[in-house]
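To start, the structure under review is shown below, and the notes come after it.
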Amino acid sequence: MKFNTGKELIKLCNDLEHSIYEVMILRECELSGKSKHEIINEMHSSYDIMKQAVKSGVTKDIISISGLTGGDAKKIFENSASIHGPVCGAFMKKAMAYSMGVLEVNASMGKIVAAPTAGSSGIIPGAFIALQEEYNLHDEKLIKALFTASGVGLLISKNATVAGAEGGCQAETGSAAAMAAAGIVELMGGSPEEALHAAAIALKNILGLVCDPIAGLVESPCEKRNGLGVSNALISAEMVLCGVTSIIPFDEVVEAMYKVGRSLPFELKETALGGLAATPTGKNIKIQIFGDE
Amino acid sequence: MSELSVFDVLGPKMIGPSSSHTAGACRIGKVANKMTKGKIVSAKFFLHGSFSKTYRGHGTDRALVGGLLGFDPDDQRIVYSFDLAREQGVSYEFIETDLGDVHTNSVMIRVENHKGESVYVTGASIGGGNVVITEINGLKIRFTGEYFTLVVPHFDRPGIIAKVTARLASNTVNIAFMRVYRHEKGQEAFMIIESDEIIDQDSIDEIKWIDGVTDAYSINIRH
């Protein structure tokens with residue numbers, strides 16, 4: 001069950017008449033020597049952690065350990081957006097709140113699943129759990145979609161990076177959105193090829209996004225970028241499910257993302273020396289939290 | 001690096017906020033726990049680079065203490081690790097320092113046990129919750145804890161390595177990787193043995209009794 005590129009993965013899926021999630025489960029069995037049942041159970045426990053984080057994120061009064069963030073997810077979850085109702089619709093509003101809630105749980109030392117990183121851990125749960133509630137889906141379907149998502153994450157890890165320190169935020173929230181988009185497409189009946197189209201579209205959308213955390217903390221702008229990342233995932237999936245394809249193939253988009261990431265200056269790769277972290281407000285916040293240096 | 005598991009991609013399961021500053025820190029703390037004999041009484045954490053500058057905002061301090069108490073990165077008790085340490089009579093201190101030309105997320109931990117014996121463990125958190133242990137008691141070594149790891153301090157004398165590996169072989173433990181380090185010729189040395197399978201307590205106890213072996217520590221931080 002070996003593949004190194006999206007193209008190889010699609011070929012494998014087509015040859016075996018499997019979905020991406022089936023290939024990923026078989027691959028994991030081979031790799032770990034564990035049974036299918038054990039592997040699915042382990043993924044189920046990850047999904048349970050995601051659900052718990054979402055629930056805490058939108059219902060509890062959360063303040064991060066630094067004091068910088070907290071309470072925004074609950075605000076979005078509870079408040080109606082305007083006199084006419086939510087601008088993006090109730091579903092999107094919920095997905096945003098969920099994904100931001102996970103980031104708040106993370107920033108307050110709660111339990112999360114890095115997906116693929118802690119800084120991008122809200123996008124997959126936000127999209128998946130909102131979708132599950134919207135269509136009354138069984139857990140089993142979402143767990144399969146988590147395997148699909150991890151297939152995309154694996155391809156990006158192999159051929160590029162998912163670390164902000166190496167590739168900027170595009171590598172973190174971009175990868176998370178790409179993974180979520182692919183999972184949703186397969187879950188909603190799309191083919192493996194279509195899943196990778198959605199992943200490509202999501203990545204293309206935030207190509208070049210820098211990693212510039214204020215005071216170096218996984219809080220701001222990370223939390224809001226997770227809220228926005230959910231929309232990226234959902235819209236990319238929607239496009240593909242309506243028959244739209246990515247003009248640039250997935251593998252080439254991943255390569256482009258990696259090249260863009262490498263060409264970003266180090267100030268814009270998680271060092272907190274550039275971008276928003278280097279604004280007067282960003283610097284002031286850092287002094288308030290950590291003192292003057 | 002071995003092939004990535006889906007749970008490396010979608011994971012680790014962890015207490016936030018940062019895989020490198022929280023989850024990785026916890027794992028280094030756990031190595032220090034495993035390298036200590038008897039009851040831990042006190043620990044000093046010498047924090048370097050990014051660890052020294054941002055440890056409070058990332059909960060690196062609580063994760064290190066949590067690891068020292070034996071917790072895994074997804075253990076909710078990390079949040080209350082300071083209180084739990086005090087309850088168990090473990091004192092701790094954080095010292096911002098410069099460890100020289102090492103990874104920016106590095107920490108040296110000095111742990112003291114109830115007999116007043118101390119052990120020094122230095123490690124780096126290299127991203128995604130992965131760690132590298134770089135020094136034990138002043139000796140530069142290297143292991144990741146990704147495998148079942150056995151650390152065997154011994155004297156640098158002929159035949160000891162053969163006896164240790166023979167013991168493992170007779171208990172059908174397959175050695176995946178093995179490295180040997182020493183201070184100086186004939187002095188204290190370390191074997192680092194990494195295996196795919198769990199190394200059972202009986203094998204470890206037998207190894208400890210081999211003439212020339214001073215001790216054996218099983219470091220299991222990923223399973």
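In the structure tokens, each chain is lettered A, B, ... as it comes, each chain's residues begin at 1, and ligands are numbered from 1 in order of appearance.
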
Spatial neighbours of Ala233 (chain A), 7 Å, only C-alpha atoms, chain gap at least 2 places, as a count of residues only:
11

Identify all chain A residues at most 9 Å from chain B by counting only C-alpha atoms; ligands do not count. Present them as a count of residues only.
49

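Residues lying within 10 Å of Phe143 (chain B), counting only C-alpha atoms and ignoring same-chain neighbours fewer than 3 positions away, are Gly123, Val131, Val132, Ile133, Thr134, Glu135, Glu146, Tyr147, Thr149, Val151, Phe177, Met178, Arg179, Ile192, Ile193 and Glu194 of chain B.
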
Selection near His48 (chain B), 12 Å with only C-alpha atoms, sequence-local residues under 5 positions removed, as a VMD selection string
chain B and resid 21 53 to 55 60 94 to 109 122 to 125

What does the distance between CA of Gly145 (chain B) and CA of Arg262 (chain A) come to in Å, to one decimal place?
28.9 Å

Counting only C-alpha atoms, which of A:Ala53, A:Ala160, A:Ile10, A:Cys29 gets nearest to Lys259 (chain A)?
A:Ala160

Just the residues within 12 Å of Ile199 (chain B), please, counting only C-alpha atoms, with nothing from its chain fewer than 4 positions along; format it as a ChimeraX atom specification.
/B:147-151,167-169,171-175,193-195,203-207,216-220

Just how far from CA of Gly29 (chain B) is CA of Ile210 (chain B), in Å to one decimal?
28.7 Å

DSSP on the backbone: which residues in region 43-75 of chain B end up as helix (DSSP H, G or I)? Give the answer as a ChimeraX atom specification.
/B:49-54,60-68

Filtered DSSP result for region 135-219 of chain B, state strand (DSSP E or B), as a ChimeraX atom specification:
/B:135-136,139-143,148-155,175-182,188-195,213,217-219

Which residues, written as an MDAnalysis selection string, have at least one atom at most 12 Å from Leu16 (chain A), with only C-alpha atoms counted and residues fewer than 6 positions away on the same chain left out?
chainID A and resid 1 9:10 22:23 26 192

Find the residues near Gly174 (chain A): any atom within 10 Å, counting only C-alpha atoms, skip ones fewer than 5 places away on the same chain, and give them as a ChimeraX atom specification.
/A:120,123,162,168-169,179-180,199-209,225-226,229,232-233,257

Any chance you could export the current selection's C-alpha atoms as a PDB file, in the first residue's frame?
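So the final result, stored in selection-v7.pdb, reads:
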ATOM      1  CA  SER A 120      -4.552  24.313  12.842  1.00  0.00           C
ATOM      2  CA  ILE A 123     -10.499  23.258  10.971  1.00  0.00           C
ATOM      3  CA  VAL A 162       2.822  20.918   7.543  1.00  0.00           C
ATOM      4  CA  GLY A 168       4.339  29.391   7.047  1.00  0.00           C
ATOM      5  CA  CYS A 169       0.640  29.309   7.873  1.00  0.00           C
ATOM      6  CA  MET A 179      -7.409  17.683   4.435  1.00  0.00           C
ATOM      7  CA  ALA A 180     -10.887  18.685   5.603  1.00  0.00           C
ATOM      8  CA  ALA A 199      -7.631  19.657  -1.436  1.00  0.00           C
ATOM      9  CA  ALA A 200      -5.800  21.454  -4.251  1.00  0.00           C
ATOM     10  CA  ILE A 201      -8.356  24.260  -4.362  1.00  0.00           C
ATOM     11  CA  ALA A 202      -8.172  24.798  -0.594  1.00  0.00           C
ATOM     12  CA  LEU A 203      -4.372  24.959  -0.656  1.00  0.00           C
ATOM     13  CA  LYS A 204      -4.330  27.304  -3.646  1.00  0.00           C
ATOM     14  CA  ASN A 205      -6.602  29.683  -1.794  1.00  0.00           C
ATOM     15  CA  ILE A 206      -4.080  30.497   0.904  1.00  0.00           C
ATOM     16  CA  LEU A 207      -0.828  30.009  -0.949  1.00  0.00           C
ATOM     17  CA  GLY A 208       1.718  32.343   0.590  1.00  0.00           C
ATOM     18  CA  LEU A 209       0.024  32.880   3.936  1.00  0.00           C
ATOM     19  CA  ARG A 225      -7.454  31.788  10.707  1.00  0.00           C
ATOM     20  CA  ASN A 226      -8.991  28.511  11.827  1.00  0.00           C
ATOM     21  CA  GLY A 229     -10.000  27.986   7.293  1.00  0.00           C
ATOM     22  CA  ASN A 232     -11.988  27.539   2.870  1.00  0.00           C
ATOM     23  CA  ALA A 233     -12.505  23.800   3.381  1.00  0.00           C
ATOM     24  CA  MET A 257       3.203  25.476  -1.676  1.00  0.00           C
TER      25      MET A 257
END
